[in-house]
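Below: one structure, written as structure tokens.
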Amino acid sequence: MKAAVLKSFGSPLVIENVPEPVLGTGEVIVDVVATRVLSYMNEVFSGERNYALDLPIIPGPGGIGRVRAIGPDATKLAVDDWVFCDPTVRSRDDIVAPDIALQGLTAAGPGGMRLQRHFRHGSYAERMRVPTENVKRLGAITSAEASQWCALGTALVPYGGFLAANLQPGETVLVSGATGNFGSAAVSVALAMGAACVVAPGRNDRILADLVRRFGDRVKPVKLTGNESDDCESMKRAAPGPIDCVFDIMPPSVSTTVVRAAIMTVRAYGRVVLMGGVGMAGGAGLDLPYPWIMRNCISIHGVWMYPPDAASRLIALVRAGLLRLDEYATTDFDLDHVNEAVEHAAANAGPFKLTVIRP
């Protein structure tokens, strides 16, 4: 089959013919129809992000496709089913604290690297092998719709954060990083889950106005100034009442003071979700006041990805019309132009934009 292969960091992906994936027990082979290109994949391939990858590898985290072959442990899937391939692969021998690898992207720790050595190859190929439990049925879609369904991979990240925080309908949420790709998805997901109000701080007036245009007055934009105390008060004032949950998805380049200003807006007994990249590129860590956390009974949730049932639950939100994937504008590339797709994704990293490869 044809695939894009990363052979060394700092080198372009190479298009070549590679052996077809071989089906094993507990696995499914999927024909890849569409797969997204993360806006920072160029940083992964250059080595700048220092992601754990055992090269050579076919990259690509997850995707949309059709079932080609199933193993004996699959009782609901059928050949030709439209499915979402969840890239979050978990070890099966420790349900309490499983090791995790993101298929085609990275791995966490030695156990995650062991997983990656088997489920190493991702979706930048005509076919991929996926753990049975990671193949989620979509129902009937058209081939053209597959590109927009790739947005599931983006929306799943904040959805996992809100599940961890037990977000309830009618609550007020603040999304720190609302003007970014994952942050804007967090705004749409929070509203789909029933949030009464989403406070959306940022510095880009155009994007803030666009969030209000898309979702109405349940979104409360706040223009950040860079002054920690002033910004904290401005965010509090924008909310119609106490802020129940703060969700942070800021990138590694952002100052910790910006993140702290958002976190400190949460009410007593409120919840904070940390899913961003602050500190990942070195520099100061996030300094939060111990007495404030303790006396106000603040719950802080560090969350990486989402639980195993999240994808199916999010698909149900889409099918119910609560989460709209047609918010996303897609730009498609074929597999032969994968390097151009990586460049395009980096240059077009804004909210509700998808760069898609269609093998």
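Identifiers in the structure tokens: chain A, B, ... in order shown; residue index from 1 per chain; ligand index from 1 in order shown.
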Segment 138-210 of chain A near segment 305-323 of chain A within 10 Å: what's each residue's closest atom pair and its distance in Å to one decimal, counting only C-alpha atoms, ordered by chain then ascending residue number, as a Markdown table?
| residue | atom | partner | partner_atom | distance |
| --- | --- | --- | --- | --- |
| A:Leu138 | CA | A:Ile315 | CA | 6.8 |
| A:Gly139 | CA | A:Arg319 | CA | 9.1 |
| A:Trp149 | CA | A:Ile315 | CA | 9.4 |
| A:Leu152 | CA | A:Leu314 | CA | 7.7 |
| A:Gly153 | CA | A:Ala311 | CA | 8.6 |
| A:Ala155 | CA | A:Leu314 | CA | 8.3 |
| A:Leu156 | CA | A:Ala311 | CA | 6.7 |
| A:Val157 | CA | A:Met305 | CA | 5.4 |
| A:Pro158 | CA | A:Met305 | CA | 8.1 |
| A:Tyr159 | CA | A:Tyr306 | CA | 7.3 |
| A:Gly160 | CA | A:Tyr306 | CA | 4.0 |
| A:Gly161 | CA | A:Tyr306 | CA | 7.0 |
| A:Phe162 | CA | A:Tyr306 | CA | 9.3 |
| A:Leu163 | CA | A:Tyr306 | CA | 7.9 |
| A:Ala164 | CA | A:Tyr306 | CA | 8.2 |
| A:Ala185 | CA | A:Leu323 | CA | 9.9 |
| A:Ser188 | CA | A:Leu323 | CA | 6.9 |
| A:Val189 | CA | A:Leu323 | CA | 6.7 |
| A:Ala190 | CA | A:Leu323 | CA | 9.5 |
| A:Leu191 | CA | A:Leu322 | CA | 8.2 |
| A:Ala192 | CA | A:Leu322 | CA | 5.0 |
| A:Met193 | CA | A:Leu322 | CA | 7.8 |
| A:Gly194 | CA | A:Leu322 | CA | 8.9 |
Do you have, as a tab-separated table, the list of residues of segment 216-269 of chain A lying at most 8 Å from segment 205-211 of chain A, each with its nearest atom pair and that distance in Å to one decimal, counting only C-alpha atoms and ordered by chain then number?
residue	atom	partner	partner_atom	distance
A:Gly216	CA	A:Leu211	CA	7.7
A:Val219	CA	A:Leu211	CA	7.1
A:Pro221	CA	A:Leu208	CA	5.8
A:Val222	CA	A:Leu208	CA	7.9
A:Lys223	CA	A:Asp205	CA	7.1
Checklist entry - Counting only C-alpha atoms, what is within 10 Å of Asp73 of chain A, bar same-chain residues fewer than 2 positions away, as a PyMOL selection string? => result chain A and resi 25-28+70-71+75-77+132-133
Can you write just those residues out, N, CA, C and O atoms, as an mmCIF file, in the first residue's frame?
data_model
loop_
_atom_site.group_PDB
_atom_site.id
_atom_site.type_symbol
_atom_site.label_atom_id
_atom_site.label_comp_id
_atom_site.auth_asym_id
_atom_site.auth_seq_id
_atom_site.Cartn_x
_atom_site.Cartn_y
_atom_site.Cartn_z
ATOM 1 N N THR A 25 -5.657 -10.896 16.317
ATOM 2 C CA THR A 25 -6.765 -10.910 17.273
ATOM 3 C C THR A 25 -6.774 -9.603 18.054
ATOM 4 O O THR A 25 -5.732 -9.113 18.482
ATOM 5 N N GLY A 26 -7.957 -9.044 18.244
ATOM 6 C CA GLY A 26 -8.063 -7.777 18.952
ATOM 7 C C GLY A 26 -7.740 -6.580 18.089
ATOM 8 O O GLY A 26 -7.480 -5.491 18.613
ATOM 9 N N GLU A 27 -7.791 -6.761 16.777
ATOM 10 C CA GLU A 27 -7.426 -5.683 15.857
ATOM 11 C C GLU A 27 -8.413 -5.591 14.699
ATOM 12 O O GLU A 27 -9.130 -6.548 14.389
ATOM 13 N N VAL A 28 -8.429 -4.410 14.077
ATOM 14 C CA VAL A 28 -9.269 -4.145 12.915
ATOM 15 C C VAL A 28 -8.415 -3.461 11.866
ATOM 16 O O VAL A 28 -7.575 -2.614 12.198
ATOM 17 N N ILE A 70 -12.075 -7.516 10.182
ATOM 18 C CA ILE A 70 -12.242 -7.541 11.637
ATOM 19 C C ILE A 70 -11.762 -8.870 12.194
ATOM 20 O O ILE A 70 -11.736 -9.884 11.494
ATOM 21 N N GLY A 71 -11.389 -8.840 13.477
ATOM 22 C CA GLY A 71 -10.945 -10.047 14.151
ATOM 23 C C GLY A 71 -12.101 -10.779 14.805
ATOM 24 O O GLY A 71 -13.244 -10.299 14.817
ATOM 25 N N THR A 75 -17.962 -8.098 17.571
ATOM 26 C CA THR A 75 -19.309 -8.656 17.394
ATOM 27 C C THR A 75 -20.308 -7.621 16.871
ATOM 28 O O THR A 75 -21.423 -7.986 16.493
ATOM 29 N N LYS A 76 -19.954 -6.349 16.868
ATOM 30 C CA LYS A 76 -20.856 -5.300 16.382
ATOM 31 C C LYS A 76 -20.374 -4.696 15.067
ATOM 32 O O LYS A 76 -21.179 -4.257 14.245
ATOM 33 N N LEU A 77 -19.075 -4.648 14.856
ATOM 34 C CA LEU A 77 -18.530 -4.078 13.630
ATOM 35 C C LEU A 77 -18.783 -4.989 12.443
ATOM 36 O O LEU A 77 -18.868 -6.208 12.590
ATOM 37 N N THR A 132 -9.252 -3.093 18.350
ATOM 38 C CA THR A 132 -10.697 -3.217 18.151
ATOM 39 C C THR A 132 -11.475 -2.178 18.949
ATOM 40 O O THR A 132 -12.413 -1.565 18.437
ATOM 41 N N GLU A 133 -11.086 -1.960 20.203
ATOM 42 C CA GLU A 133 -11.830 -1.039 21.056
ATOM 43 C C GLU A 133 -11.673 0.418 20.645
ATOM 44 O O GLU A 133 -12.398 1.296 21.120
#
Checklist entry - Pick the closest to Pro19 of chain A from A:Met1, A:Ala165, A:Met235, A:Leu335: which is it, counting only C-alpha atoms? => result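 Closest residue, counting only C-alpha atoms: A:Met1.
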Item to check | Who sits within 6 Å of Val356 of chain A, only C-alpha atoms, same chain under 5 positions skipped, as a ChimeraX atom specification | outcome: /A:35-37,331-332
Next on the checklist: Residues within 9 Å of Ser46 of chain A, please, as a PyMOL selection string. Count only C-alpha atoms; anything in the same chain fewer than 4 positions from it doesn't count.
Outcome noted: chain A and resi 8-12+41-42+50
Go through segment 2-63 of chain A and flag each residue having an atom no more than 12 Å from segment 263-282 of chain A; for those, report the closest pair of atoms plus their distance in Å to one decimal, using only C-alpha atoms, ordered by chain and rising number, as CSV.
residue,atom,partner,partner_atom,distance
A:Glu48,CA,A:Ala281,CA,9.5
A:Arg49,CA,A:Ala281,CA,8.1
A:Asn50,CA,A:Ala281,CA,9.6
A:Tyr51,CA,A:Met280,CA,11.1
Residues just named, written with all heavy atoms as an mmCIF file, in the first residue's frame:
data_model
loop_
_atom_site.group_PDB
_atom_site.id
_atom_site.type_symbol
_atom_site.label_atom_id
_atom_site.label_comp_id
_atom_site.auth_asym_id
_atom_site.auth_seq_id
_atom_site.Cartn_x
_atom_site.Cartn_y
_atom_site.Cartn_z
ATOM 1 N N GLU A 48 11.358 19.456 16.958
ATOM 2 C CA GLU A 48 11.265 20.580 17.895
ATOM 3 C C GLU A 48 10.427 20.233 19.118
ATOM 4 O O GLU A 48 10.727 20.656 20.233
ATOM 5 C CB GLU A 48 10.666 21.788 17.168
ATOM 6 C CG GLU A 48 10.501 23.027 18.027
ATOM 7 C CD GLU A 48 9.881 24.193 17.273
ATOM 8 O OE1 GLU A 48 9.822 24.132 16.021
ATOM 9 O OE2 GLU A 48 9.452 25.156 17.925
ATOM 10 N N ARG A 49 9.368 19.467 18.928
ATOM 11 C CA ARG A 49 8.478 19.131 20.043
ATOM 12 C C ARG A 49 8.990 17.947 20.867
ATOM 13 O O ARG A 49 8.411 17.608 21.898
ATOM 14 C CB ARG A 49 7.074 18.829 19.525
ATOM 15 C CG ARG A 49 6.320 20.048 19.060
ATOM 16 C CD ARG A 49 4.925 20.090 19.610
ATOM 17 N NE ARG A 49 4.273 21.362 19.354
ATOM 18 C CZ ARG A 49 3.129 21.742 19.903
ATOM 19 N NH1 ARG A 49 2.511 20.940 20.753
ATOM 20 N NH2 ARG A 49 2.607 22.916 19.626
ATOM 21 N N ASN A 50 10.015 17.295 20.400
ATOM 22 C CA ASN A 50 10.630 16.192 21.134
ATOM 23 C C ASN A 50 9.626 15.100 21.489
ATOM 24 O O ASN A 50 9.642 14.540 22.588
ATOM 25 C CB ASN A 50 11.309 16.718 22.417
ATOM 26 C CG ASN A 50 12.322 15.736 22.971
ATOM 27 O OD1 ASN A 50 12.936 14.968 22.230
ATOM 28 N ND2 ASN A 50 12.492 15.742 24.285
ATOM 29 N N TYR A 51 8.741 14.783 20.551
ATOM 30 C CA TYR A 51 7.778 13.716 20.774
ATOM 31 C C TYR A 51 8.484 12.361 20.689
ATOM 32 O O TYR A 51 9.425 12.176 19.924
ATOM 33 C CB TYR A 51 6.662 13.779 19.735
ATOM 34 C CG TYR A 51 5.523 14.719 20.105
ATOM 35 C CD1 TYR A 51 5.690 15.747 21.020
ATOM 36 C CD2 TYR A 51 4.264 14.567 19.533
ATOM 37 C CE1 TYR A 51 4.662 16.596 21.356
ATOM 38 C CE2 TYR A 51 3.217 15.410 19.858
ATOM 39 C CZ TYR A 51 3.416 16.423 20.772
ATOM 40 O OH TYR A 51 2.382 17.256 21.101
#
Next on the checklist: When you count only C-alpha atoms, which of these residues is closest to Val258 of chain A: A:Gly226, A:Ala186, A:Val5, A:Glu343?
Outcome noted: A:Gly226
Checklist entry - Near His344 of chain A, counting only C-alpha atoms, which residues have an atom at most 9 Å away, once you skip same-chain residues fewer than 5 positions from it, shown as JSON, numbers by chain? => result {"A": [39, 331, 339, 349, 355]}
Could the residues in this selection be saved with C-alpha atoms as a PDB file, in the first residue's frame?
ATOM      1  CA  SER A  39      -1.278  22.440  13.011  1.00  0.00           C
ATOM      2  CA  THR A 331      -8.838  21.880   2.898  1.00  0.00           C
ATOM      3  CA  ASN A 339       4.333  17.609   2.883  1.00  0.00           C
ATOM      4  CA  ALA A 349      -3.972  27.023  12.373  1.00  0.00           C
ATOM      5  CA  THR A 355      -6.277  20.426   6.939  1.00  0.00           C
TER       6      THR A 355
END
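Running DSSP on the backbone and keeping only strand (DSSP E or B), the residues of segment 134-224 of chain A that qualify are Val135, Lys136, Arg137, Thr172, Val173, Leu174, Val175, Ser176, Cys197, Val198, Val199, Ala200, Pro201, Gly202, Val219, Lys220, Pro221, Val222 and Lys223 of chain A.
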Next on the checklist: Env of Glu327 of chain A: 9 Å cut, atoms = only C-alpha atoms, seq-sep filter 2 positions within chain, self excluded. Answer as a ChimeraX atom specification.
Outcome noted: /A:148,214,324-325,329,352-353
Can you spit out the residues from that selection as a compact mmCIF listing (two decimals), in the first residue's frame, using N, CA and C atoms?
# COMPACT_ATOMS: atom_id res chain seq x y z
N GLN A 148 -15.02 16.53 7.22
CA GLN A 148 -15.50 17.27 8.39
C GLN A 148 -15.58 16.40 9.63
N ARG A 214 -20.89 32.94 15.75
CA ARG A 214 -21.23 31.53 15.56
C ARG A 214 -22.20 31.02 16.61
N ARG A 324 -22.01 20.77 16.05
CA ARG A 324 -22.06 20.88 14.59
C ARG A 324 -20.65 20.83 14.00
N LEU A 325 -20.41 19.81 13.19
CA LEU A 325 -19.12 19.70 12.52
C LEU A 325 -19.04 20.58 11.29
N ALA A 329 -14.18 24.48 8.31
CA ALA A 329 -13.81 24.60 6.89
C ALA A 329 -12.63 23.68 6.64
N PHE A 352 -11.65 26.48 13.86
CA PHE A 352 -12.58 25.85 12.93
C PHE A 352 -12.00 25.71 11.52
N LYS A 353 -10.69 25.43 11.47
CA LYS A 353 -10.03 25.11 10.22
C LYS A 353 -9.44 23.71 10.30
Checklist outcome for this item: From atom CA of Leu286 of chain A to atom CA of Ser176 of chain A the spacing works out at 14.2 Å
Next on the checklist: Please identify the helix (DSSP H, G or I) residues within segment 206-341 of chain A (assignment by DSSP from backbone atoms) and present them as a ChimeraX atom specification.
Outcome noted: /A:206-218,228-238,256-263,290-295,310-319,325-327,335-341
May I have the residues from that selection written out with C-alpha atoms, as a compact mmCIF listing (two decimals), in the first residue's frame?
# COMPACT_ATOMS: atom_id res chain seq x y z
CA ARG A 206 -11.72 39.27 15.10
CA ILE A 207 -11.75 35.73 16.45
CA LEU A 208 -13.61 36.75 19.61
CA ALA A 209 -16.28 38.44 17.49
CA ASP A 210 -16.49 35.35 15.28
CA LEU A 211 -17.14 33.13 18.31
CA VAL A 212 -20.07 35.36 19.27
CA ARG A 213 -21.32 35.32 15.66
CA ARG A 214 -21.23 31.53 15.56
CA PHE A 215 -22.70 30.76 18.98
CA GLY A 216 -24.62 33.84 20.11
CA ASP A 217 -24.76 35.65 23.43
CA ARG A 218 -24.00 32.54 25.49
CA GLU A 228 -2.73 39.61 35.41
CA SER A 229 -4.93 41.22 38.07
CA ASP A 230 -6.86 43.39 35.61
CA ASP A 231 -7.50 40.48 33.28
CA CYS A 232 -8.66 38.29 36.16
CA GLU A 233 -11.23 40.89 37.20
CA SER A 234 -12.36 41.48 33.61
CA MET A 235 -13.02 37.77 33.12
CA LYS A 236 -15.02 37.60 36.36
CA ARG A 237 -17.12 40.61 35.36
CA ALA A 238 -17.91 39.10 31.95
CA THR A 256 2.19 31.29 33.14
CA THR A 257 0.73 34.61 34.33
CA VAL A 258 -1.92 34.44 31.58
CA VAL A 259 -2.93 30.94 32.66
CA ARG A 260 -2.94 31.85 36.35
CA ALA A 261 -5.18 34.88 35.75
CA ALA A 262 -7.78 32.59 34.18
CA ILE A 263 -7.53 29.90 36.86
CA TYR A 290 -1.73 26.78 48.17
CA PRO A 291 -3.95 28.61 50.74
CA TRP A 292 -6.39 29.69 48.00
CA ILE A 293 -6.67 26.15 46.63
CA MET A 294 -7.11 24.63 50.08
CA ARG A 295 -9.48 27.15 51.68
CA ALA A 310 -15.65 9.50 25.01
CA ALA A 311 -15.59 9.14 21.22
CA SER A 312 -18.88 7.24 21.08
CA ARG A 313 -20.50 9.77 23.41
CA LEU A 314 -19.25 12.69 21.32
CA ILE A 315 -20.50 11.05 18.12
CA ALA A 316 -23.92 10.90 19.79
CA LEU A 317 -23.78 14.66 20.45
CA VAL A 318 -23.05 15.23 16.76
CA ARG A 319 -25.87 12.91 15.67
CA LEU A 325 -19.12 19.70 12.52
CA ASP A 326 -20.14 21.95 9.63
CA GLU A 327 -18.56 24.82 11.56
CA LEU A 335 -1.32 11.50 0.02
CA ASP A 336 1.20 12.46 -2.66
CA HIS A 337 1.07 16.06 -1.37
CA VAL A 338 1.40 15.24 2.33
CA ASN A 339 4.33 17.61 2.88
CA GLU A 340 2.36 20.47 1.36
CA ALA A 341 -0.50 19.53 3.70
Next on the checklist: As an exercise, work out the distance from atom CA of Ser255 of chain A to atom CA of Gly302 of chain A in Å and give it to one decimal place.
Outcome noted: 18.3 Å
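For the pair atom CA of Ala34 of chain A and atom CA of Glu16 of chain A, the interatomic distance is 18.5 Å.
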